[in-house]
Structures are given as C-alpha cells and as structure tokens.
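Quick notes on the structure that follows.
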Amino acid sequence: MTGPILDVRDLKVHFPVHAGVLLRKAGDVKAVDGVTFAVAEGETLGLVGESGCGKTTVGKAILKLVDITSGRVTFRRSDGAEVDLAALRPSAMRPLRSEIQMIYQDPYSSLNPRWTVGDTVAEPLTVHRPGMSAKERADKVAWLMEKVGLTGEQAHRYPHEFSGGQRQRVGIARALATSPRLVIADEPVSALDVSIRAQVLNLMQDLQQEFGLTYLFIAHDLSVVEHISHRIAVMYLGNLCEIGPARDVCREPLHPYTRALLSAVPLPDPDAARPGRVRLQGEVPSPLRKPSGCPFRTRCPKALPACAVSVPPLEEVRPGRFIACPVVRDELGPAAP
Amino acid sequence: MSATGASDVLLDVRGLKTYFDIEGQTAKAVDGVDLTIRENEVVGLVGESGCGKSVTALSILRLIPNPPGRIAGGEILWRGRDLLKASWPEMRSLRGREISMIFQEPMTALNPVFTVGFQLREAIVRHTKVPRREAERRAVEMLERVGIPDAGRRIGDYPHLFSGGMRQRVMIAMALALRPKLLIADEPTTALDVTIQAQILELMMDLRREAGTSILLITHDLAVIAETCSRVAVMYGGKIQEVADTRSLFREPLHPYTKGLLRSLPRPDLEKKARLETIPGIVPSILEVPRGCKFWTRCPEKQPICEQVEPDLLRVRPGRDCRCHLVKPAEEKP
C-alpha cells in the first residue's frame with residue numbers, strides 16, 4: 001500500500017431546510033459536519049453508523065452527487081496527480097467518474113428494467129470510452145459478466161429474469177466496466193439473503209485482489225463490515241467518533257458510542273457471554289436539532305458538562321486508533337511507549 | 001371443540017398448505033408446514049425470502065388475501081380449536097386479544113388518519129370492554145412502558161410524527177395492553193437500527209415475562225434468533241426443514257441447509273480475509289420448486305434419492321426434527 005488514494009479533510013455537507021409560507025430558510029440539516037479520513041490504495045475502509053448518521057451522504061459527496069458545503073476531498077489519479085474533487089466543476093468531474101464508481105444497495109431499483117443487463121454494463125463504456133467499437137464493447141461486457149460469476153450469454157437478458165444476488169453481480173460488473181480504482185459500495189449486501197450475501201462478499205474480495213481495488217464500504221451491519229474491512233470508521237450524527245483497524249475496533253471499542261453500537265449487535269451464538277452490555281436509551285436526535293458539542297453526549301453514559309461546549313476532534317489515543325472523546329482519552333492515559 | 005392433548009400447547013399447525021393461483025400456475029408458498037407453540041415459549045421461524053415464513057404467519061390469522069391465495073389444506077389448532085373452521089366474527093375477536101401480530105413496516109399497521117392514542121384506546125375498548133377513560137389511562141401507561149417520552153402529549157399525535165422505532169413501540173404497546181396469549185412478530189426489527197432493534201427485542205421479552213405471552217418470531221436473522229428464542233424452526237421451499245432447541249441448532253445443525261446458513265455468517269473468530277463459505281446457487285422461485293427434496297439443487301451432500309423422493313420431517317431425537325435422507329433417527333443407527 002502506498003499513500004492515500006482518497007483524503008477527506010473536514011468535509012461538510014449541509015442541506016438547507018425551508019419552512020413557513022414563504023419557504024424562508026429555517027436552518028440547516030448538518031448531514032455531514034466535519035468528517036476527516038483517508039483511504040489507502042488497495043484498502044477497504046468500512047464506514048458504519050445508524051440511519052441518518054450521514055454515511056451515505058459522505059459517499060455521495062465524494063462522487064459529487066450532492067453539493068459539498070466545505071472541506072477538501074483529495075483523490076489521487078492513476079497518473080499520480082492529486083485533485084480536490086470538492087473544488088471541481090461538474091464538467092471537470094466527468095473524466096474522474098471512470099476512476100471512482102459506486103455499487104448501490106437495492107439491486108431491484110438500480111437497474112433499468114427496460115434495458116438488457118448487457119446494456120447496463122456497457123453504458124459506462126459508451127460514456128467514458130467513446131473510441132471503443134461495438135465489438136470491443138460486447139467483448140468487454142461478456143468478460144465482465146464472467147468476472148462477476150455470470151455468463152456472457154446472460155447479458156442479453158432483462159433484470160426481472162435475475163435474482164437479487166445476480167442483479168447485485170450485474171451492478172458490480174457495471175461499476176467495474178471502466179476499470180475504476182476506488183469503488184464506493186453503499187450497503188451492497190444488505191438487501192440480500194444470508195446465503196447469497198456471503199457469495200457477493202467473496203466476489204468483492206476476489207475482485208479487490210485481482211484488480212487492486214480500493215473500497216469505501218458503507219454499511220450498518222457490523223459483522224459484515226468487520227469481515228470485509230481493513231479499517232472501520234464509525235459515524236454518529238454527521239461526525240466521526242472512532243477510526244481504527246477493523247479487528248481492534250470490534251474487539252475493543254473505545255468510543256462510548258462504538259461500545260454501545262457493538263453491544264447492541266446480536267451474535268449468532270446462543271452461549272455468547274456479553275459482559276458489560278450497554279443499552280442505549282432513546283433514539284438518535286434529529287439532525288435538525290443536533291446537540292451542541294459532542295453529538296453523542298445526550299445519550300452518552302460518560303457525558304460531562306464539558307462535552308456540551310465544543311465538538312471533540314479525532315485524536316490518536318493508541319497507535320492507529322483515533323477517537324473523538326476527551327473523556328475516554330483521559331481515562332486511557334498516554335499510550336505505553 | 002375442547003382442548004385436547006398436551007395442555008400447554010397453544011398453537012398446533014398441522015400440514016398447512018397455502019397456495020397462490022397466479023397466471024394459471026399454482027405457487028405453493030406453504031406446502032405442508034407443521035409447527036407447535038407452547039405456553040410461554042419464544043419460537044423462531046427462520047428462512048430466506050420466499051421460503052413461506054410470512055405466509056405461514058398470515059395463514060394462522062387467516063389474513064391471506066383470497067383470491068389469489070387460498071389455504072389448501074391442513075389444520076391450525078388454537079388451544080385445540082381449528083381456526084380454519086372458525087367464523088369471521090370469531091376470528092375478529094381472536095385477533096388482537098388472543099393472537100396479536102406485529103409487522104416489519106409499522107407504518108402500514110397504523111391508520112394514518114387517526115391519532116396513535118385513538119387507535120390504542122379503540123383496541124383496548126373493543127377487546128377488554130373497559131370504559132373509555134380507563135382505556136385512555138391505560139394507553140398512556142403502555143406508551144410510557146415502551147419508552148415513548150412525553151407519552152401523555154404524544155398520544156394525540158398522528159403516526160407520521162413517529163419514527164420507525166417509535167411506531168414499532170406503539171405496536172408493542174398495543175400488544176402489551178391486550179396481553180395476548182400469542183404474539184406473532186414478522187421481521188419486527190428488520191427495518192430498524194441495531195440499537196433500536198435491541199430495545200424492541202428487549203420489550204418483546206418483557207412482554208413474555210410479564211404477560212406470559214408466547215412469541216412466534218419470524219426473521220431471516222440467525223443472530224436475533226440466537227439471542228431471543230428457545231426453539232427454532234428452519235424453513236426452506238415452503239416446508240419446515242429442521243426443528244431444534246436454539247442451542248442444539250447452533251451447536252450441531254443437522255440439515256445441510258441449516259449448516260450452510262450458519263457457515264455463511266461472518267464470524268469474529270474467522271481468520272481475517274478468509275473467504276466465507278457459501279451455499280451455491282440461488283433460492284429457487286416458488287413456481288420452480290424442484291421435485292424431491294426442496295434443497296437438493298443447492299445441497300453439497302445430495303444423493304441420487306434426493307432428486308426423486310422428498311424426505312419426511314422425522315423426529316431424530318426428542319425435540320429435534322429434521323427433513324433429510326441423510327439424517328436418521330437415533331434408534332435406527334446400529
């Protein structure tokens with residue numbers, strides 16, 4: 001692994017809210033409110049959090065599918081040149097889209113029912129590789145179909161003839177058509193059955209090895225994220241609260257929210273001992289009424305009055321492990337040399 | 001009809017068949033399901049999409065839309081009485097008070113044009129015949145019980161003002177108020193976040209403890225089963241494939257499908273970056289169910305007989321049933 005392929009600095013995405021008869025601006029939904037992380041080439045970074053935490057918006061912001069309010073999103077191109085996606089005009093973004101692709105959650109609504117799946121897989125080639133002949137394109141589509149475990153012959157069929165797992169394979173083939181280097185996968189397996197989910201996860205890992213792909217894997221299912229990710233970033237109400245190696249974050253979570261989230265995850269083992277289980281009370285506050293300071297303080301068992309003052313920054317408390325919680329940082333004390 | 005047999009059996013489904021007639025074909029969504037639920041018991045019904053688990057639940061309450069659906073055979077014995085022979089008024093008084101159901105999407109279960117309080121109160125008045133004022137008081141109490149903050153005020157709100165987790169709590173509040181003998185929960189937490197899921201599951205377990213309510217928990221999530229159920233039935237292709245107490249099922253699954261399901265879960269102890277084991281192939285459409293064993297097309301252990309003859313659900317040993325030619329009852333072994 002070399003330096004980061006993607007470097008996100010203090011990313012903010014705010015959506016204005018309009019209210020009243022005159023639809024005056026009434027405030028902002030701070031969907032993403034100062035998020036910083038980097039993804040190394042060939043790495044899988046898992047981005048987890050509950051609904052409304054802003055994880056999907058982070059993915060969309062990187063692809064410029066939503067307007068970025070502020071911050072930098074630095075992407076290193078295949079020729080080594082670094083570009084700040086946040087500052088790019090839409091027309092300048094276009095050639096970059098072949099290097100950054102997305103896999104969507106719902107394999108039922110993300111394919112056009114009137115197109116053959118071959119048409120869907122070929123579309124990015126038509127856009128980004130206009131020089132390709134029809135024959136070359138058809139060959140590439142057949143090759144992609146086989147890479148994702150389908151047959152070239154199936155390219156002539158329509159989405160309704162495929163199962164959910166097969167459609168997700170089509171979605172992956174489409175994403176890979178332009179040989180991207182960074183793939184943003186937003187809940188790619190959560191609509192799939194257990195036995196099919198494992199097939200798609202294995203496929204994603206195989207493709208990563210073969211093509212050296214970098215994944216930003218956005219999901220809410222921690223057992224899946226732990227399995228596929230090298231590192232995990234945990235989000236709550238628009239902010240990151242913890243980043244670290246996947247196994248460490250799942251074995252020994254440090255941030256109070258990560259602890260609560262992990263202890264809420266049911267384990268497929270009736271004899272699992274769950275000492276010190278934390279039960280969160282209440283629900284995630286609306287992003288319209290985000291608490292001041294640390295966004296988690298209203299539900300945090302460790303909250304102190306100081307937590308309401310300012311948003312705590314991510315700090316490295318152990319090698320490679322970052323948390324946004326001064327209370328736990330002070331409890332842990334300085335790292336052993 | 002009087003209650004017969006083991007007196008603690010609440011629900012005894014025998015050979016239930018629910019078919020759907022679609023475009024000249026018959027989809028055998030449920031094709032001979034046997035399932036018993038005893039008093040004060042939490043039973044899991046687990047399977048993948050299209051296996052017939054939700055249709056089984058709807059059939060028990062006779063909520064299958066007809067046409068296209070029809071219950072083509074079997075018995076649904078509720079405390080010894082066959083619900084398939086009950087009249088509509090009988091069914092109506094049974095639903096809610098004796099058997100309650102909560103659904104995956106709680107928005108569809110609440111009427112959007114009435115306040116939450118009105119719906120709760122009506123359910124209480126209709127089923128328990130208490131005066132309206134008492135019903136109102138009980139409704140607020142139940143909303144507080146399930147953790148709705150500021151319940152006295154929220155009771156005047158319409159369902160769209162509640163989040164998904166809140167609505168599911170309202171449904172559980174309704175179940176709590178009516179204290180049914182059986183709660184059928186069909187994927188009750190699938191649409192919810194894990195921290196809310198944990199709260200809802202805990203509430204359901206409280207309901208069982210406090211009101212002695214039995215629960216039939218229908219889910220695709222084996223981890224939810226492991227945390228809540230005492231017994232599990234595994235369904236595939238419209239049939240129950242295996243029944244066991246939860247611990248035995250996870251420790252020693254017998255049916256190749258159950259084994260495959262458990263192996264395909266990501267496990268924390270799995271070697272990092274190791275491949276997951278998978279069940280090959282896809283879940284067959286219910287219009288193309290294979291003859292013979294329903295699972296042979298994907299089974300790693302299949303034998304020639306499996307393609308021809310469907311095995312029976314056999315009692316392998318006390319409390320453990322399995323539908324597989326390779327799994328023989330213990331006493332038949334040499």
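Just so we're on the same page: first chain in the structure tokens is A, next is B, and so on; residues restart at 1 for each chain, and ligands are numbered from 1 in the order they show up.
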
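Close contacts of Leu120 in chain B, defined as residues with an atom at most 10 Å away when counting only C-alpha atoms, with chain neighbours fewer than 5 positions off set aside, comprise Leu110, Thr115, Val125, Ala135, Glu136, Arg138, Ala139, Val140, Met142, Leu143, Ile155, Val170, Met171, Ala173, Met174, Ala175, Ala177 and Leu178 of chain B.
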
Write out the residues from the selection above, keeping C-alpha atoms, as a PDB file, in the first residue's frame.
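Contents of the output file selection.pdb:
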ATOM      1  CA  LEU B 110     -51.219   2.057  11.956  1.00  0.00           C
ATOM      2  CA  THR B 115     -54.120   9.630  16.257  1.00  0.00           C
ATOM      3  CA  VAL B 125     -62.040  -0.703  24.452  1.00  0.00           C
ATOM      4  CA  ALA B 135     -58.715   2.842  28.275  1.00  0.00           C
ATOM      5  CA  GLU B 136     -57.130   6.269  27.765  1.00  0.00           C
ATOM      6  CA  ARG B 138     -54.052   2.526  30.142  1.00  0.00           C
ATOM      7  CA  ALA B 139     -52.958   3.651  26.686  1.00  0.00           C
ATOM      8  CA  VAL B 140     -50.745   6.381  28.167  1.00  0.00           C
ATOM      9  CA  MET B 142     -48.467   1.468  27.936  1.00  0.00           C
ATOM     10  CA  LEU B 143     -46.770   4.123  25.811  1.00  0.00           C
ATOM     11  CA  ILE B 155     -50.793  10.174  22.411  1.00  0.00           C
ATOM     12  CA  VAL B 170     -46.649   1.715  19.632  1.00  0.00           C
ATOM     13  CA  MET B 171     -47.496  -1.673  18.121  1.00  0.00           C
ATOM     14  CA  ALA B 173     -47.710  -1.073  23.446  1.00  0.00           C
ATOM     15  CA  MET B 174     -50.930  -2.243  21.835  1.00  0.00           C
ATOM     16  CA  ALA B 175     -49.872  -5.850  22.275  1.00  0.00           C
ATOM     17  CA  ALA B 177     -52.290  -3.551  26.607  1.00  0.00           C
ATOM     18  CA  LEU B 178     -54.242  -6.503  25.230  1.00  0.00           C
TER      19      LEU B 178
END

Pick out the chain B residues within 6 Å of chain A. Count only C-alpha atoms. Give them as a list in words.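 Using only C-alpha atoms, chain B residues at most 6 Å from chain A: Glu48, Asp193, Val194, Thr195, Ala198, Leu222, Ala223, Val224, Ala226, Glu227, Arg247, Leu261, Ser264, Arg275, Leu276, Thr278 and Ile279 of chain B.
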
If you run DSSP over the backbone, which residues in range 30-92 of chain A end up alpha helix (DSSP H)? Put them as number ranges by chain. A: 55-62, 90-92

What gap, in Å, lies between CA of Asp221 in chain B and CA of Gly164 in chain B? 18.9 Å

CA of Thr18 in chain B and CA of Leu61 in chain B are how many Å apart?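 Straight-line distance from CA of Thr18 in chain B to CA of Leu61 in chain B works out to 12.6 Å.
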
All strand (DSSP E) residues (DSSP, backbone) inside range 236-290 of chain A, as an NGL selection string: :A and (236 or 239-245)

Restrict the selected residues to N, CA and C atoms and save them as a PDB file, in the first residue's frame.
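Once written, out30.pdb looks like this:
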ATOM      1  N   TYR A 236     -21.605   9.128  13.769  1.00  0.00           N
ATOM      2  CA  TYR A 236     -22.812   9.399  14.544  1.00  0.00           C
ATOM      3  C   TYR A 236     -23.231  10.844  14.285  1.00  0.00           C
ATOM      4  N   ASN A 239     -20.796  13.214  12.408  1.00  0.00           N
ATOM      5  CA  ASN A 239     -19.388  13.277  12.811  1.00  0.00           C
ATOM      6  C   ASN A 239     -18.806  11.877  12.954  1.00  0.00           C
ATOM      7  N   LEU A 240     -17.498  11.781  12.775  1.00  0.00           N
ATOM      8  CA  LEU A 240     -16.832  10.507  13.041  1.00  0.00           C
ATOM      9  C   LEU A 240     -16.538  10.426  14.525  1.00  0.00           C
ATOM     10  N   CYS A 241     -16.778   9.276  15.130  1.00  0.00           N
ATOM     11  CA  CYS A 241     -16.391   9.168  16.532  1.00  0.00           C
ATOM     12  C   CYS A 241     -15.225   8.233  16.752  1.00  0.00           C
ATOM     13  N   GLU A 242     -14.973   7.321  15.805  1.00  0.00           N
ATOM     14  CA  GLU A 242     -13.842   6.420  16.013  1.00  0.00           C
ATOM     15  C   GLU A 242     -13.349   5.899  14.670  1.00  0.00           C
ATOM     16  N   ILE A 243     -12.037   5.768  14.522  1.00  0.00           N
ATOM     17  CA  ILE A 243     -11.447   5.075  13.371  1.00  0.00           C
ATOM     18  C   ILE A 243     -10.328   4.191  13.892  1.00  0.00           C
ATOM     19  N   GLY A 244     -10.232   3.002  13.351  1.00  0.00           N
ATOM     20  CA  GLY A 244      -9.135   2.134  13.740  1.00  0.00           C
ATOM     21  C   GLY A 244      -9.155   0.856  12.940  1.00  0.00           C
ATOM     22  N   PRO A 245      -8.155  -0.010  13.157  1.00  0.00           N
ATOM     23  CA  PRO A 245      -8.149  -1.306  12.487  1.00  0.00           C
ATOM     24  C   PRO A 245      -9.427  -2.078  12.832  1.00  0.00           C
TER      25      PRO A 245
END

Nearest to Glu99 in chain A, restricted to only C-alpha atoms and choosing among A:Val121, A:Leu237, A:Thr214, A:Thr116, comes out as A:Thr214

Might you pull out every residue within 12 Å of Ala31 in chain A, with only C-alpha atoms counted and same-chain residues fewer than 4 positions away left off, and present them as a PyMOL selection string? chain A and resi 11-17+35+51-61+66-69+235-240+286-290

Dump of N, CA and C atoms for the selected residues, as an mmCIF file, in the first residue's frame:
data_model
loop_
_atom_site.group_PDB
_atom_site.id
_atom_site.type_symbol
_atom_site.label_atom_id
_atom_site.label_comp_id
_atom_site.auth_asym_id
_atom_site.auth_seq_id
_atom_site.Cartn_x
_atom_site.Cartn_y
_atom_site.Cartn_z
ATOM 1 N N LEU A 11 -14.812 17.511 5.818
ATOM 2 C CA LEU A 11 -15.918 17.551 4.854
ATOM 3 C C LEU A 11 -17.233 17.932 5.543
ATOM 4 N N LYS A 12 -17.901 18.923 4.949
ATOM 5 C CA LYS A 12 -19.213 19.310 5.473
ATOM 6 C C LYS A 12 -20.225 19.316 4.340
ATOM 7 N N VAL A 13 -21.364 18.700 4.593
ATOM 8 C CA VAL A 13 -22.479 18.762 3.654
ATOM 9 C C VAL A 13 -23.699 19.195 4.457
ATOM 10 N N HIS A 14 -24.147 20.404 4.219
ATOM 11 C CA HIS A 14 -25.328 20.909 4.924
ATOM 12 C C HIS A 14 -26.453 21.087 3.919
ATOM 13 N N PHE A 15 -27.638 20.645 4.297
ATOM 14 C CA PHE A 15 -28.801 20.848 3.439
ATOM 15 C C PHE A 15 -29.685 21.922 4.060
ATOM 16 N N PRO A 16 -30.018 22.965 3.293
ATOM 17 C CA PRO A 16 -30.900 23.984 3.856
ATOM 18 C C PRO A 16 -32.316 23.438 4.042
ATOM 19 N N VAL A 17 -32.962 23.885 5.110
ATOM 20 C CA VAL A 17 -34.352 23.495 5.356
ATOM 21 C C VAL A 17 -35.202 24.739 5.228
ATOM 22 N N VAL A 35 -15.987 15.864 8.597
ATOM 23 C CA VAL A 35 -15.504 14.483 8.616
ATOM 24 C C VAL A 35 -14.132 14.416 7.953
ATOM 25 N N SER A 51 -29.025 4.718 10.693
ATOM 26 C CA SER A 51 -29.666 5.511 9.652
ATOM 27 C C SER A 51 -29.674 6.983 10.037
ATOM 28 N N GLY A 52 -29.401 7.821 9.065
ATOM 29 C CA GLY A 52 -29.390 9.253 9.314
ATOM 30 C C GLY A 52 -28.075 9.776 9.854
ATOM 31 N N CYS A 53 -27.050 8.919 9.996
ATOM 32 C CA CYS A 53 -25.795 9.404 10.570
ATOM 33 C C CYS A 53 -24.966 10.150 9.538
ATOM 34 N N GLY A 54 -25.320 10.027 8.254
ATOM 35 C CA GLY A 54 -24.601 10.763 7.223
ATOM 36 C C GLY A 54 -23.638 9.912 6.418
ATOM 37 N N LYS A 55 -23.610 8.608 6.650
ATOM 38 C CA LYS A 55 -22.617 7.778 5.954
ATOM 39 C C LYS A 55 -22.862 7.724 4.457
ATOM 40 N N THR A 56 -24.132 7.630 4.052
ATOM 41 C CA THR A 56 -24.439 7.617 2.622
ATOM 42 C C THR A 56 -24.094 8.965 1.990
ATOM 43 N N THR A 57 -24.348 10.057 2.728
ATOM 44 C CA THR A 57 -24.047 11.385 2.206
ATOM 45 C C THR A 57 -22.545 11.556 1.982
ATOM 46 N N VAL A 58 -21.716 10.968 2.850
ATOM 47 C CA VAL A 58 -20.266 11.019 2.638
ATOM 48 C C VAL A 58 -19.926 10.389 1.293
ATOM 49 N N GLY A 59 -20.506 9.200 1.032
ATOM 50 C CA GLY A 59 -20.252 8.523 -0.241
ATOM 51 C C GLY A 59 -20.686 9.361 -1.424
ATOM 52 N N LYS A 60 -21.877 9.958 -1.305
ATOM 53 C CA LYS A 60 -22.380 10.777 -2.409
ATOM 54 C C LYS A 60 -21.546 12.025 -2.612
ATOM 55 N N ALA A 61 -21.044 12.587 -1.506
ATOM 56 C CA ALA A 61 -20.240 13.806 -1.625
ATOM 57 C C ALA A 61 -18.947 13.522 -2.373
ATOM 58 N N VAL A 66 -23.934 15.147 -4.322
ATOM 59 C CA VAL A 66 -24.558 16.196 -3.515
ATOM 60 C C VAL A 66 -23.565 17.358 -3.463
ATOM 61 N N ASP A 67 -24.070 18.546 -3.179
ATOM 62 C CA ASP A 67 -23.183 19.705 -3.110
ATOM 63 C C ASP A 67 -22.383 19.684 -1.811
ATOM 64 N N ILE A 68 -21.089 19.901 -1.939
ATOM 65 C CA ILE A 68 -20.226 19.940 -0.766
ATOM 66 C C ILE A 68 -20.242 21.363 -0.215
ATOM 67 N N THR A 69 -20.513 21.497 1.084
ATOM 68 C CA THR A 69 -20.577 22.820 1.692
ATOM 69 C C THR A 69 -19.179 23.370 1.918
ATOM 70 N N MET A 235 -19.583 6.479 12.466
ATOM 71 C CA MET A 235 -20.183 7.815 12.343
ATOM 72 C C MET A 235 -21.408 7.931 13.221
ATOM 73 N N TYR A 236 -21.605 9.128 13.769
ATOM 74 C CA TYR A 236 -22.812 9.399 14.544
ATOM 75 C C TYR A 236 -23.231 10.844 14.285
ATOM 76 N N LEU A 237 -24.434 11.044 13.822
ATOM 77 C CA LEU A 237 -24.996 12.383 13.607
ATOM 78 C C LEU A 237 -24.057 13.334 12.857
ATOM 79 N N GLY A 238 -23.463 12.842 11.780
ATOM 80 C CA GLY A 238 -22.677 13.730 10.940
ATOM 81 C C GLY A 238 -21.219 13.849 11.309
ATOM 82 N N ASN A 239 -20.796 13.214 12.408
ATOM 83 C CA ASN A 239 -19.388 13.277 12.811
ATOM 84 C C ASN A 239 -18.806 11.877 12.954
ATOM 85 N N LEU A 240 -17.498 11.781 12.775
ATOM 86 C CA LEU A 240 -16.832 10.507 13.041
ATOM 87 C C LEU A 240 -16.538 10.426 14.525
ATOM 88 N N SER A 286 -32.846 14.176 16.008
ATOM 89 C CA SER A 286 -32.972 14.642 14.632
ATOM 90 C C SER A 286 -31.787 15.521 14.283
ATOM 91 N N PRO A 287 -31.229 15.380 13.067
ATOM 92 C CA PRO A 287 -30.089 16.231 12.691
ATOM 93 C C PRO A 287 -30.464 17.716 12.640
ATOM 94 N N LEU A 288 -31.776 18.009 12.647
ATOM 95 C CA LEU A 288 -32.208 19.416 12.704
ATOM 96 C C LEU A 288 -31.987 20.000 14.088
ATOM 97 N N ARG A 289 -32.023 19.128 15.093
ATOM 98 C CA ARG A 289 -31.842 19.578 16.473
ATOM 99 C C ARG A 289 -30.618 18.895 17.056
ATOM 100 N N LYS A 290 -29.512 19.056 16.355
ATOM 101 C CA LYS A 290 -28.286 18.413 16.773
ATOM 102 C C LYS A 290 -27.799 19.040 18.071
#

One decimal place gives the CA of Lys135 in chain A-CA of Gly118 in chain A separation as 12.9 Å

Please identify all polymer residues within 12 Å of Ala142 in chain A, counting only C-alpha atoms, omitting same-chain residues fewer than 4 positions from it, and present them as a list in words.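 Answer for this query is Val117, Gly118, Asp119, Val121, Ala122, Lys135, Glu136, Arg137, Ala138, Glu146, Lys147, Val148, Gly149, Leu150, Thr151, Gly152, Glu153, Gln154, Ala155, His156, Val170, Ala173, Arg174 and Ala177 of chain A.
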